[in-house]
Amino acid sequence: MSNLKADHPIGIFDSGVGGLTVAKTVVDNLPNESMIYFGDTKHLPYGDKSVQAIQSYVREIADFLLERKVKLILIACNSASAAAYEMLQDYIGTRALLVNVVDPVVRFICENYAGKCVGLIGTKLTIQSGIYSKKISELACQIDLRAQATPLLVPIIEEGLFEHELIDVALTEYLSNPMLQGIDALVLGCTHYPVIKKNIENFYQGRVKIIDAGKIVAEEVKAMLIAQNLTSSISPNRQFYVSDYTEGFVKGARLFFGEEVVPFTN
Ligand code: DGL
């Protein structure tokens, strides 16, 4: 890792606007860090694609980010973390540090919810991959995990309809599944879902703790940069790229990132 430079940017990617929910927390926690964000809007949604397809998109994105000399790549997408984390680790080797959004959250729930019942919502790919239960087993922690795929949510959010009643209709249908009754906490296992966290909180009326990856993952990135002596001290520069320009991305980015985001088209 000796060729990595502290003042080089962090690269963050997702299929679209969702990863911005993590990117925002990262830049709030690490205000001196420069960032290059890549939203792969051309291939959205990742959650319905094959592992092979996602791995090939992810390799291309990694090349794009590595050409821009990122010191760390954050996979701000659960579906890509499930389908391509190990592949990407092998592919990038020591060219950059690598963080995914699943491992830090699994450690968090094992530390805080052992012996409890935890719900998980995510894309079809994430839920079918069983990635959360595999990693929970690897840590040998006792979590009763109840996983539910919620595939309609990402398209609605990416269409910019996150304030539309469609969201509540879909959420009520999904969250009323008897399997999810009695959970102590619900993991938002897709980085798009913090955009609709309020709707989810309204559904549960405070009965269930809602866990999103943002802060947990930002802490992981910070700890990794500190451990490697790679924290930046320059004034930061932030760039946003998309593989296809969409109104939904611009609208979502404005609302959720809290500032005007003008994406370059790759
Ligand atoms: N935000 C992503 C995730 O965390 C991808 C959603 C999608 O493109 O289907 O899974």
# chains A, B, ... in the order shown; residues from 1 in each chain; ligands from 1
$ residues_near_ligand --ligand "ligand 1" --cutoff "7 Å" --atoms "only C-alpha atoms and all ligand atoms" --output "PyMOL selection string"
chain A and resi 14-16+18-19+44-48+76-80+122-123+126+154+189-192
$ residues_around --residues "A:Tyr132" --least-positions-apart "4" --cutoff "10 Å" --atoms "only C-alpha atoms" --output "ChimeraX atom specification"
/A:78,82,102-103,105-106,120,126-127,136-138,145,147,189
$ closest_residue --among "A:Val118, A:Asp212, A:Asn237, A:Ile36" --to "A:Leu65" --atoms "only C-alpha atoms"
A:Ile36
$ atom_distance --atom1 "atom CA of A:Asp184" --atom2 "atom CA of A:Gly119"
7.7 Å
$ closest_residue --among "A:Val70, A:Val51, A:Val17, A:Val261" --to "A:Ser34" --atoms "only C-alpha atoms"
A:Val70
$ select_by_dssp --residues "stretch 199-246 of chain A" --states "alpha helix (DSSP H)" --output "MDAnalysis selection string"
chainID A and resid 199:204 213:227
$ atom_distance --atom1 "atom CA of A:Lys71" --atom2 "atom CA of A:Pro104"
19.2 Å
